[in-house]
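Data file: structure_31.txt. Format and content: compact mmCIF, C-alpha atoms.
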# COMPACT_ATOMS: atom_id res chain seq x y z
CA MET T 1 -3.15 251.11 81.99
CA THR T 2 -3.48 254.55 83.54
CA SER T 3 -3.62 257.90 81.78
CA ASN T 4 -0.59 259.90 80.71
CA PRO T 5 -0.20 262.27 83.71
CA ALA T 6 1.53 264.99 81.66
CA LEU T 7 -1.33 265.04 79.16
CA SER T 8 -3.97 265.07 81.89
CA THR T 9 -2.19 268.01 83.50
CA ALA T 10 -2.03 269.88 80.19
CA ILE T 11 -5.76 269.36 79.56
CA ALA T 12 -6.63 270.40 83.11
CA HIS T 13 -4.56 273.58 82.70
CA HIS T 14 -6.32 274.38 79.43
CA ILE T 15 -9.67 273.97 81.17
CA ALA T 16 -8.61 276.13 84.13
CA THR T 17 -7.55 278.96 81.84
CA SER T 18 -10.62 278.76 79.56
CA PRO T 19 -13.72 280.94 79.93
CA GLN T 20 -16.20 279.41 82.39
CA GLY T 21 -13.62 276.76 83.28
CA ARG T 22 -14.68 274.31 80.61
CA ILE T 23 -13.82 273.25 77.05
CA THR T 24 -15.86 271.63 74.32
CA PHE T 25 -15.55 267.89 73.91
CA ALA T 26 -13.98 268.60 70.51
CA GLU T 27 -11.17 270.52 72.23
CA TYR T 28 -10.72 267.71 74.75
CA MET T 29 -10.60 265.05 72.02
CA ASP T 30 -8.15 267.13 69.98
CA MET T 31 -5.75 267.39 72.93
CA ALA T 32 -6.15 263.72 73.89
CA LEU T 33 -5.26 262.60 70.37
CA TYR T 34 -3.05 265.37 68.96
CA HIS T 35 -1.32 267.27 71.77
CA PRO T 36 2.11 267.99 70.22
CA GLU T 37 4.05 266.10 72.89
CA HIS T 38 1.69 263.77 74.71
CA GLY T 39 -1.29 263.11 72.43
CA TYR T 40 -2.12 259.54 71.46
CA TYR T 41 -1.20 260.05 67.81
CA SER T 42 1.64 262.47 68.41
CA SER T 43 3.58 260.22 70.77
CA HIS T 44 4.62 256.60 70.33
CA ALA T 45 1.60 255.39 72.32
CA VAL T 46 -0.45 254.37 69.29
CA LYS T 47 -0.10 250.72 68.30
CA ILE T 48 -1.67 249.32 65.14
CA GLY T 49 -1.69 245.64 64.24
CA PHE T 50 -2.57 242.36 65.92
CA GLN T 51 -0.17 241.75 68.80
CA ASP T 52 0.10 244.19 71.71
CA SER T 53 -1.86 246.80 69.77
CA ASP T 54 -5.10 248.75 70.02
CA PHE T 55 -6.69 248.19 66.61
CA PHE T 56 -5.90 247.14 63.05
CA THR T 57 -6.75 248.51 59.61
CA SER T 58 -7.35 246.90 56.23
CA ALA T 59 -3.69 247.38 55.32
CA ASN T 60 -2.63 245.23 58.31
CA LEU T 61 -4.54 242.20 57.03
CA SER T 62 -2.68 241.65 53.75
CA THR T 63 -1.25 243.39 50.71
CA ASP T 64 -4.49 242.80 48.79
CA PHE T 65 -6.29 245.92 50.00
CA GLY T 66 -3.51 248.21 48.78
CA GLU T 67 -3.07 246.30 45.53
CA LEU T 68 -6.77 246.57 44.71
CA LEU T 69 -6.70 250.30 45.46
CA ALA T 70 -3.66 250.49 43.19
CA GLU T 71 -5.74 249.06 40.36
CA GLN T 72 -8.38 251.75 40.94
CA PHE T 73 -5.80 254.54 40.89
CA LEU T 74 -4.38 253.10 37.69
CA GLN T 75 -7.79 253.34 36.04
CA MET T 76 -8.16 256.94 37.24
CA TRP T 77 -4.85 257.76 35.58
CA ASN T 78 -6.03 256.23 32.32
CA ILE T 79 -9.37 258.08 32.47
CA LEU T 80 -7.51 261.38 32.86
CA ALA T 81 -5.38 260.55 29.78
CA ARG T 82 -2.26 259.60 31.75
CA PRO T 83 -1.10 262.98 33.06
CA VAL T 84 2.46 263.37 34.32
CA PRO T 85 2.78 263.83 37.17
CA PHE T 86 -0.23 262.01 38.58
CA CYS T 87 -0.37 262.94 42.24
CA LEU T 88 -1.44 260.37 44.82
CA VAL T 89 -1.96 262.30 48.05
CA GLU T 90 -2.44 259.93 51.00
CA MET T 91 -3.81 261.74 54.03
CA GLY T 92 -3.10 260.03 57.34
CA ALA T 93 -0.86 257.18 56.20
CA GLY T 94 -0.44 255.50 59.60
CA GLN T 95 2.42 253.03 59.56
CA GLY T 96 2.99 253.51 55.84
CA LEU T 97 1.84 249.98 55.01
CA LEU T 98 -0.79 251.02 52.50
CA ALA T 99 1.67 253.26 50.66
CA MET T 100 4.23 250.46 50.60
CA HIS T 101 1.72 247.95 49.21
CA ILE T 102 0.55 250.38 46.51
CA LEU T 103 4.02 251.49 45.41
CA ASN T 104 5.51 248.02 45.51
CA TYR T 105 2.65 246.74 43.35
CA TYR T 106 3.39 249.42 40.76
CA ARG T 107 7.10 248.68 40.91
CA LEU T 108 6.42 245.02 40.12
CA HIS T 109 3.59 245.34 37.60
CA HIS T 110 3.22 248.92 36.33
CA PRO T 111 6.63 250.64 36.29
CA ASP T 112 5.36 253.12 33.69
CA PHE T 113 2.71 254.36 36.11
CA LEU T 114 5.19 254.41 39.00
CA ALA T 115 7.41 256.73 36.94
CA ALA T 116 4.47 259.10 36.45
CA ILE T 117 3.42 259.21 40.12
CA GLU T 118 4.20 261.92 42.60
CA TYR T 119 3.35 260.28 45.92
CA ILE T 120 2.65 262.75 48.72
CA ILE T 121 1.89 261.87 52.33
CA VAL T 122 0.10 264.29 54.63
CA GLU T 123 0.78 263.09 58.18
CA LYS T 124 0.10 264.97 61.39
CA SER T 125 1.81 262.48 63.71
CA PRO T 126 5.61 262.85 64.04
CA ALA T 127 5.84 259.27 65.29
CA PHE T 128 3.99 257.90 62.27
CA GLN T 129 5.95 260.10 59.86
CA GLN T 130 9.20 258.68 61.21
CA GLU T 131 7.93 255.12 60.73
CA GLN T 132 6.70 255.91 57.22
CA GLN T 133 10.05 257.37 56.20
CA GLN T 134 11.86 254.27 57.37
CA ARG T 135 9.45 251.92 55.62
CA LEU T 136 9.30 253.84 52.32
CA GLN T 137 12.93 254.86 51.93
CA SER T 138 13.29 252.90 48.69
CA PHE T 139 10.51 254.94 47.03
CA SER T 140 10.21 258.56 45.98
CA VAL T 141 7.78 260.02 48.51
CA ARG T 142 7.27 263.59 49.70
CA TRP T 143 5.89 264.59 53.10
CA CYS T 144 4.12 267.88 53.68
CA ASN T 145 1.20 269.56 55.40
CA LEU T 146 -2.07 269.78 53.51
CA THR T 147 -1.91 273.56 53.57
CA ASP T 148 1.59 273.48 52.03
CA ILE T 149 0.16 272.15 48.77
CA VAL T 150 -0.37 274.94 46.24
CA THR T 151 -3.95 275.91 45.38
CA ASP T 152 -5.36 274.24 42.25
CA SER T 153 -2.13 272.31 41.70
CA VAL T 154 -3.01 268.63 42.07
CA THR T 155 -4.01 266.42 39.19
CA GLY T 156 -4.63 262.98 40.56
CA CYS T 157 -6.33 261.64 43.68
CA PHE T 158 -6.51 262.66 47.33
CA PHE T 159 -7.33 259.57 49.38
CA SER T 160 -7.64 258.44 52.99
CA ASN T 161 -8.36 255.23 54.87
CA GLU T 162 -9.73 255.56 58.42
CA LEU T 163 -8.73 259.20 58.80
CA VAL T 164 -11.96 261.16 59.19
CA ASP T 165 -13.20 259.03 62.11
CA ALA T 166 -10.33 260.42 64.21
CA PHE T 167 -11.23 264.08 63.66
CA PRO T 168 -12.32 265.79 66.91
CA VAL T 169 -16.11 265.90 67.26
CA HIS T 170 -18.52 268.08 69.19
CA GLN T 171 -21.00 266.20 71.33
CA PHE T 172 -24.55 267.29 72.03
CA ILE T 173 -27.52 266.07 74.06
CA LEU T 174 -31.22 266.90 73.97
CA GLU T 175 -32.48 268.41 77.22
CA ALA T 176 -36.07 269.58 77.59
CA GLY T 177 -36.38 269.45 73.83
CA GLN T 178 -33.37 271.71 73.33
CA MET T 179 -30.01 270.93 71.79
CA ARG T 180 -27.27 271.40 74.40
CA GLU T 181 -23.54 270.95 73.95
CA VAL T 182 -21.40 268.63 76.07
CA TYR T 183 -18.43 270.35 77.71
CA VAL T 184 -15.55 268.94 79.75
CA THR T 185 -14.44 270.36 83.08
CA THR T 186 -12.51 269.12 86.12
CA ARG T 187 -13.71 267.70 89.41
CA GLY T 188 -13.31 269.73 92.56
CA ASP T 189 -11.97 266.74 94.50
CA GLU T 190 -8.90 264.56 94.11
CA SER T 191 -10.73 261.52 92.71
CA GLU T 192 -9.06 259.30 90.16
CA ASN T 193 -11.35 260.46 87.34
CA LEU T 194 -10.19 264.03 86.89
CA PHE T 195 -12.58 265.07 84.11
CA VAL T 196 -16.37 265.29 84.11
CA GLU T 197 -19.00 266.50 81.68
CA VAL T 198 -21.36 269.44 81.93
CA THR T 199 -23.84 270.75 79.41
CA GLY T 200 -24.32 274.30 78.18
CA GLU T 201 -25.34 276.46 75.26
CA LEU T 202 -23.93 275.63 71.85
CA SER T 203 -20.39 276.89 71.32
CA THR T 204 -21.12 277.81 67.70
CA PRO T 205 -24.27 278.26 65.59
CA GLU T 206 -22.69 275.93 63.04
CA LEU T 207 -23.79 272.99 65.19
CA ARG T 208 -27.47 273.79 64.66
CA LYS T 209 -26.92 274.64 60.99
CA TYR T 210 -25.33 271.22 60.53
CA PHE T 211 -28.70 269.49 60.70
CA ASP T 212 -30.08 271.73 57.99
CA LEU T 213 -27.11 270.63 55.88
CA VAL T 214 -27.78 266.91 56.34
CA GLY T 215 -31.57 267.10 56.39
CA ILE T 216 -32.27 265.95 59.96
CA ASP T 217 -34.99 267.49 62.17
CA LEU T 218 -34.21 266.89 65.84
CA SER T 219 -37.41 268.66 66.92
CA THR T 220 -39.68 265.78 65.94
CA ARG T 221 -41.21 263.58 68.63
CA SER T 222 -38.99 260.72 67.53
CA TYR T 223 -36.07 262.28 69.40
CA GLU T 224 -36.52 262.03 73.17
CA ASP T 225 -34.70 263.86 75.93
CA GLY T 226 -31.35 262.22 76.58
CA TYR T 227 -30.68 261.61 72.89
CA ARG T 228 -26.95 262.12 72.40
CA SER T 229 -24.65 262.12 69.40
CA GLU T 230 -21.72 263.84 67.69
CA ILE T 231 -21.10 266.47 65.02
CA ASN T 232 -17.85 266.55 63.06
CA LEU T 233 -17.33 270.17 62.01
CA ALA T 234 -13.63 269.58 61.35
CA VAL T 235 -14.55 267.70 58.18
CA SER T 236 -15.71 270.94 56.57
CA ASP T 237 -12.36 272.71 57.02
CA TRP T 238 -10.43 269.65 55.87
CA LEU T 239 -12.53 269.02 52.78
CA SER T 240 -12.49 272.69 51.77
CA VAL T 241 -8.68 272.62 51.68
CA VAL T 242 -8.62 269.34 49.73
CA ALA T 243 -11.07 270.73 47.17
CA ASP T 244 -9.07 273.96 46.89
CA ARG T 245 -5.83 272.08 46.17
CA LEU T 246 -7.36 269.66 43.66
CA HIS T 247 -7.25 270.86 40.06
CA ARG T 248 -8.44 267.72 38.26
CA GLY T 249 -9.15 264.30 39.62
CA TYR T 250 -10.70 262.49 42.53
CA VAL T 251 -11.17 262.41 46.29
CA LEU T 252 -11.56 258.89 47.71
CA THR T 253 -12.58 258.52 51.36
CA ILE T 254 -12.79 255.14 53.10
CA ASP T 255 -14.06 254.95 56.67
CA TYR T 256 -16.69 253.48 58.94
CA GLY T 257 -19.88 255.46 59.05
CA TYR T 258 -23.39 255.96 57.74
CA PRO T 259 -25.57 258.34 55.75
CA ALA T 260 -27.17 260.97 58.02
CA HIS T 261 -30.59 259.29 58.24
CA SER T 262 -28.94 256.22 59.71
CA TYR T 263 -26.29 258.03 61.76
CA TYR T 264 -28.88 260.18 63.52
CA HIS T 265 -31.60 257.55 63.73
CA PRO T 266 -33.61 258.00 66.96
CA ARG T 267 -32.68 254.45 68.02
CA ARG T 268 -28.97 255.30 67.87
CA TRP T 269 -29.56 257.48 70.93
CA GLN T 270 -26.07 257.20 72.46
CA GLY T 271 -24.16 258.22 69.36
CA THR T 272 -21.18 256.40 67.90
CA LEU T 273 -18.20 257.56 70.01
CA GLN T 274 -15.86 254.67 70.82
CA CYS T 275 -12.46 254.24 72.47
CA TYR T 276 -10.05 251.48 71.45
CA HIS T 277 -7.38 249.99 73.67
CA LYS T 278 -5.70 246.61 73.17
CA HIS T 279 -8.35 245.44 70.68
CA SER T 280 -11.19 246.10 73.11
CA TYR T 281 -13.56 249.02 72.90
CA HIS T 282 -15.65 251.07 75.31
CA SER T 283 -17.28 254.49 75.43
CA ASN T 284 -15.35 256.25 78.21
CA PRO T 285 -12.91 258.83 76.78
CA TYR T 286 -11.84 259.97 80.26
CA ILE T 287 -9.68 256.98 81.11
CA ASN T 288 -6.38 255.86 79.55
CA ILE T 289 -5.97 259.47 78.41
CA GLY T 290 -3.29 259.69 75.72
CA ARG T 291 -3.05 255.90 75.62
CA GLN T 292 -6.20 254.96 73.77
CA ASP T 293 -7.80 255.86 70.47
CA ILE T 294 -11.01 257.93 70.43
CA THR T 295 -13.16 257.80 67.31
CA ALA T 296 -16.63 258.55 65.99
CA HIS T 297 -18.33 257.23 62.88
CA VAL T 298 -18.40 259.38 59.75
CA ASP T 299 -21.55 261.08 58.49
CA PHE T 300 -21.12 260.53 54.75
CA THR T 301 -24.08 262.78 53.93
CA ALA T 302 -22.16 265.71 55.41
CA LEU T 303 -19.11 264.80 53.30
CA GLU T 304 -21.27 264.78 50.20
CA GLN T 305 -23.07 268.04 51.00
CA TRP T 306 -19.94 269.93 52.00
CA GLY T 307 -18.15 268.53 48.98
CA ASP T 308 -20.88 269.91 46.75
CA ARG T 309 -20.43 273.35 48.33
CA PHE T 310 -16.69 273.22 47.67
CA GLY T 311 -16.99 272.15 44.04
CA LEU T 312 -16.66 268.39 44.44
CA GLU T 313 -19.09 266.23 42.50
CA LYS T 314 -20.22 262.93 44.00
CA ILE T 315 -19.24 260.03 41.73
CA GLY T 316 -20.52 257.25 43.97
CA PHE T 317 -20.87 255.77 47.45
CA ILE T 318 -20.55 252.05 48.13
CA GLN T 319 -19.64 249.59 50.88
CA GLN T 320 -15.98 248.58 50.99
CA GLY T 321 -16.78 244.92 50.44
CA LEU T 322 -18.68 245.65 47.23
CA PHE T 323 -16.00 248.13 46.15
CA LEU T 324 -13.25 245.51 46.49
CA MET T 325 -15.35 242.80 44.86
CA ALA T 326 -15.97 245.11 41.89
CA LEU T 327 -12.20 245.57 41.63
CA GLY T 328 -11.79 241.81 41.40
CA LEU T 329 -11.22 240.62 44.95
CA GLY T 330 -13.50 237.62 44.39
CA ASP T 331 -11.30 236.38 41.58
CA TRP T 332 -8.22 236.94 43.71
CA ALA T 333 -9.72 234.94 46.56
CA GLU T 334 -10.32 232.07 44.16
CA ARG T 335 -6.73 232.26 42.94
CA THR T 336 -5.55 232.31 46.55
CA ALA T 337 -7.33 229.03 47.14
CA LEU T 338 -5.23 227.62 44.29
CA GLY T 339 -2.02 229.08 45.68
CA ASN T 340 -1.89 231.94 43.21
CA GLY T 341 -1.91 235.68 43.75
CA ILE T 342 -2.96 238.78 41.96
CA ALA T 343 -3.73 238.46 38.25
CA GLY T 344 -2.70 234.82 38.35
CA ILE T 345 0.88 235.58 39.41
CA SER T 346 2.23 232.58 41.28
CA ARG T 347 3.15 233.04 44.92
CA GLN T 348 5.11 230.53 46.92
CA HIS T 349 3.38 229.47 50.13
CA THR T 350 5.32 227.50 52.70
CA ASP T 351 2.30 225.70 54.17
CA ILE T 352 -1.46 225.52 54.18
CA SER T 353 -1.69 227.79 57.24
CA GLU T 354 -0.44 230.76 55.19
CA LEU T 355 -3.11 230.13 52.56
CA LEU T 356 -5.82 229.92 55.20
CA GLN T 357 -4.59 233.11 56.88
CA ARG T 358 -4.77 235.00 53.59
CA ARG T 359 -8.24 233.68 52.86
CA ARG T 360 -9.41 234.83 56.30
CA ALA T 361 -7.94 238.26 55.61
CA LEU T 362 -9.77 238.52 52.30
CA HIS T 363 -13.00 237.53 54.03
CA GLN T 364 -12.59 240.26 56.64
CA LEU T 365 -12.06 242.85 53.90
CA ILE T 366 -15.48 242.07 52.37
CA ASP T 367 -17.56 240.90 55.35
CA PRO T 368 -20.29 243.56 55.85
CA THR T 369 -20.14 243.01 59.62
CA GLU T 370 -16.42 243.80 59.64
CA LEU T 371 -14.24 245.97 57.38
CA GLY T 372 -16.44 245.20 54.40
CA GLY T 373 -19.15 247.37 55.92
CA PHE T 374 -17.01 250.52 55.73
CA GLY T 375 -18.16 253.25 53.36
CA VAL T 376 -16.27 254.29 50.23
CA LEU T 377 -17.10 257.76 48.90
CA VAL T 378 -15.64 258.98 45.60
CA GLN T 379 -15.90 262.63 44.58
CA SER T 380 -14.36 264.46 41.64
CA LYS T 381 -13.42 267.90 40.39
CA GLY T 382 -12.54 269.31 36.98
CA LEU T 383 -13.48 266.23 34.97
CA HIS T 384 -14.84 266.53 31.43
CA GLN T 385 -18.16 264.90 30.64
CA ARG T 386 -16.53 262.05 28.73
CA GLU T 387 -14.32 261.37 31.76
CA ILE T 388 -17.26 261.43 34.17
CA ALA T 389 -19.10 259.06 31.82
CA GLN T 390 -16.39 256.42 32.26
CA PRO T 391 -17.49 254.43 35.34
CA LEU T 392 -14.89 253.61 37.95
CA ARG T 393 -14.31 249.92 38.32
CA GLY T 394 -14.79 249.96 42.08
CA LEU T 395 -18.24 251.49 41.72
CA THR T 396 -19.37 249.17 38.92
CA LEU T 397 -21.32 246.19 40.20
CA PRO T 398 -22.27 243.20 38.05
CA GLY T 399 -25.68 243.61 36.46

Please, can you express the file's structure as structure tokens?
Amino acid sequence: MTSNPALSTAIAHHIATSPQGRITFAEYMDMALYHPEHGYYSSHAVKIGFQDSDFFTSANLSTDFGELLAEQFLQMWNILARPVPFCLVEMGAGQGLLAMHILNYYRLHHPDFLAAIEYIIVEKSPAFQQEQQQRLQSFSVRWCNLTDIVTDSVTGCFFSNELVDAFPVHQFILEAGQMREVYVTTRGDESENLFVEVTGELSTPELRKYFDLVGIDLSTRSYEDGYRSEINLAVSDWLSVVADRLHRGYVLTIDYGYPAHSYYHPRRWQGTLQCYHKHSYHSNPYINIGRQDITAHVDFTALEQWGDRFGLEKIGFIQQGLFLMALGLGDWAERTALGNGIAGISRQHTDISELLQRRRALHQLIDPTELGGFGVLVQSKGLHQREIAQPLRGLTLPG
């Protein structure tokens, strides 16, 4: 598949009208994904699932992921003494599947909690918002921008699943022992690949300060010339707004990524940037423009450090597989083998193939080489000591 010509033209125009005829990679990635008309997430180009799609998420595998999260949110509500309303703010809800699984679970098993919930979706993509509204029309859900939420107004939980990895990132490379930023410009000829990279001075001092934040020293001999990676400064702005809007409760972030010492390990010398198209991945963001996903892993150390600056206290960090097992996924998998579902509730299966498919889905959710290896970070704000002392189920591993 070729690039979206209208988007390529828009990016080229932005470059031509920018100082020095170049833009940061973060600007390029932002336009490729979020251009109001032609960006990958803004248009109907993005496809999530298994057939004729680019990638899938945990919510595509089965309802279990959402139902287990629902159990964790229920415990949070109880820890906070059952406030009404209890706000669940889902940021980047995709197709709306996760919201549907969570709300439907409450409708079936915890109608008292459902009555107390104010479910808010923050969605940047018009295409996704339209799909969400169609899928969730039987539930009470409100859509808004993150900045529309009133300061210090939310008691509940802000949460996201595979959101932060799609924030635009700056790229840098070490040249002659110096940190240089990667910029995007256009070719002078009429070749098929319109965009090329050049390096230059850092566009902002925040890029160098970032490594002080996460405790990484790029000047050591371990980092050789040619070492290349990414810096996600957009996380800081996003998390500062989330922390400002949260009065009492939690922030739960699920994504693929590493702590800083692993993310910026000298052996990971090409960074983590990946592009996804039709369930295959590569590292060239300058093809299939507007028709492929572009992502980078999350530096969870930066999330923790910035969160601390903004008044968020780290509750815990754990792999998704362990998080779900702590919430009881192992017991559910055993019940699935017997043809039963959540909490022993009987489910009718038409044939053995459906049982096997669900068991495979559960395995993928906990496999550390697949979705089970994702990170789960939980932060809090405004909790009393007795509330902090009550461990969250998803962070409590068997002794």

Quiz item: T:Asn288, T:Thr253, T:Ser160, T:Thr147: which is nearest Ser240 in chain T, counting all atoms listed in the file?
Solution: T:Thr147

So that each row is one residue of range 116-228 of chain T with an atom at most 10 Å from range 263-268 of chain T, can you give its shortest atom pair and the distance in Å to one decimal, using all atoms listed in the file, rows by chain and rising number, as a tab-separated table?
residue	atom	partner	partner_atom	distance
T:Phe211	CA	T:Tyr264	CA	9.7
T:Val214	CA	T:Tyr264	CA	9.9
T:Ile216	CA	T:Tyr264	CA	7.6
T:Asp217	CA	T:Tyr264	CA	9.6
T:Leu218	CA	T:Tyr264	CA	8.9
T:Thr220	CA	T:Pro266	CA	9.9
T:Arg221	CA	T:Pro266	CA	9.6
T:Ser222	CA	T:Pro266	CA	6.1
T:Tyr223	CA	T:Pro266	CA	5.5
T:Glu224	CA	T:Pro266	CA	8.0
T:Tyr227	CA	T:Pro266	CA	7.5
T:Arg228	CA	T:Arg268	CA	8.4

Could you please take those selected residues and save C-alpha atoms as a PDB file, in the frame of the given file?
ATOM      1  CA  PHE T 211     -28.700 269.490  60.700  1.00  0.00           C
ATOM      2  CA  VAL T 214     -27.780 266.910  56.340  1.00  0.00           C
ATOM      3  CA  ILE T 216     -32.270 265.950  59.960  1.00  0.00           C
ATOM      4  CA  ASP T 217     -34.990 267.490  62.170  1.00  0.00           C
ATOM      5  CA  LEU T 218     -34.210 266.890  65.840  1.00  0.00           C
ATOM      6  CA  THR T 220     -39.680 265.780  65.940  1.00  0.00           C
ATOM      7  CA  ARG T 221     -41.210 263.580  68.630  1.00  0.00           C
ATOM      8  CA  SER T 222     -38.990 260.720  67.530  1.00  0.00           C
ATOM      9  CA  TYR T 223     -36.070 262.280  69.400  1.00  0.00           C
ATOM     10  CA  GLU T 224     -36.520 262.030  73.170  1.00  0.00           C
ATOM     11  CA  TYR T 227     -30.680 261.610  72.890  1.00  0.00           C
ATOM     12  CA  ARG T 228     -26.950 262.120  72.400  1.00  0.00           C
TER      13      ARG T 228
END

Quiz prompt | Residue with smallest distance to Ile254 in chain T - pool T:Val141, T:Ala389, T:Met325, T:Leu69, counting only C-alpha atoms | solution = T:Leu69

Pick out the residues sitting within 10 Å of Tyr41 in chain T, and hand them over as a PDB file with C-alpha atoms, in the frame of the given file; count only C-alpha atoms, and ignore anything fewer than 4 positions along from it in its own chain.
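part.pdb was written with the following content:
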ATOM      1  CA  ALA T  32      -6.150 263.720  73.890  1.00  0.00           C
ATOM      2  CA  LEU T  33      -5.260 262.600  70.370  1.00  0.00           C
ATOM      3  CA  TYR T  34      -3.050 265.370  68.960  1.00  0.00           C
ATOM      4  CA  HIS T  35      -1.320 267.270  71.770  1.00  0.00           C
ATOM      5  CA  PRO T  36       2.110 267.990  70.220  1.00  0.00           C
ATOM      6  CA  GLU T  37       4.050 266.100  72.890  1.00  0.00           C
ATOM      7  CA  ALA T  45       1.600 255.390  72.320  1.00  0.00           C
ATOM      8  CA  VAL T  46      -0.450 254.370  69.290  1.00  0.00           C
ATOM      9  CA  LYS T  47      -0.100 250.720  68.300  1.00  0.00           C
ATOM     10  CA  GLY T  94      -0.440 255.500  59.600  1.00  0.00           C
ATOM     11  CA  LYS T 124       0.100 264.970  61.390  1.00  0.00           C
ATOM     12  CA  SER T 125       1.810 262.480  63.710  1.00  0.00           C
ATOM     13  CA  PRO T 126       5.610 262.850  64.040  1.00  0.00           C
ATOM     14  CA  ALA T 127       5.840 259.270  65.290  1.00  0.00           C
ATOM     15  CA  PHE T 128       3.990 257.900  62.270  1.00  0.00           C
ATOM     16  CA  ALA T 166     -10.330 260.420  64.210  1.00  0.00           C
ATOM     17  CA  GLY T 290      -3.290 259.690  75.720  1.00  0.00           C
ATOM     18  CA  ARG T 291      -3.050 255.900  75.620  1.00  0.00           C
ATOM     19  CA  GLN T 292      -6.200 254.960  73.770  1.00  0.00           C
ATOM     20  CA  ASP T 293      -7.800 255.860  70.470  1.00  0.00           C
TER      21      ASP T 293
END

Exercise. Could you give me, as a ChimeraX atom specification, the residues within 7 Å of Glu313 in chain T, counting all atoms listed in the file and dropping anything in the same chain fewer than 5 positions from it?
Key: /T:307-308,379-381

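For Ala26 in chain T, the residues within 6 Å (counting all atoms listed in the file, excluding itself and residues fewer than 4 positions away along the chain) are T:Pro168, T:Val169, T:His170.
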
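Closest approach to Val122 in chain T among T:Lys209, T:His277, T:Arg386, T:Arg142: T:Arg142, based on all atoms listed in the file.
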
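Across the structure, CA of Gly249 in chain T and CA of Val298 in chain T are spaced 22.7 Å apart.
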
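Taking CA of Ile289 in chain T and CA of Ser3 in chain T as the two end points, the separation is 4.4 Å.
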
Return as CSV the residues of range 295-324 of chain T lying at most 12 Å from range 270-274 of chain T, together with the closest atom-to-atom pair for each and the distance in Å to one decimal, counting all atoms listed in the file, with rows in chain order and ascending residue number.
residue,atom,partner,partner_atom,distance
T:Thr295,CA,T:Gln274,CA,5.4
T:Ala296,CA,T:Leu273,CA,4.4
T:His297,CA,T:Thr272,CA,5.8
T:Val298,CA,T:Thr272,CA,9.1
T:Asp299,CA,T:Thr272,CA,10.5

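Atom pair CA of Ser280 in chain T / CA of Gly373 in chain T: separated by 19.0 Å.
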
Within 6 Å of Thr155 in chain T, counting only C-alpha atoms, which residues qualify if same-chain residues fewer than 6 places away don't, as a CSV table (one decimal) with C-alpha atoms, keeping the file's coordinate frame?
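Final output, saved to selection00.csv:
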chain,number,residue,atom,x,y,z
T,86,PHE,CA,-0.2,262.0,38.6
T,87,CYS,CA,-0.4,262.9,42.2
T,247,HIS,CA,-7.2,270.9,40.1
T,248,ARG,CA,-8.4,267.7,38.3
T,249,GLY,CA,-9.2,264.3,39.6
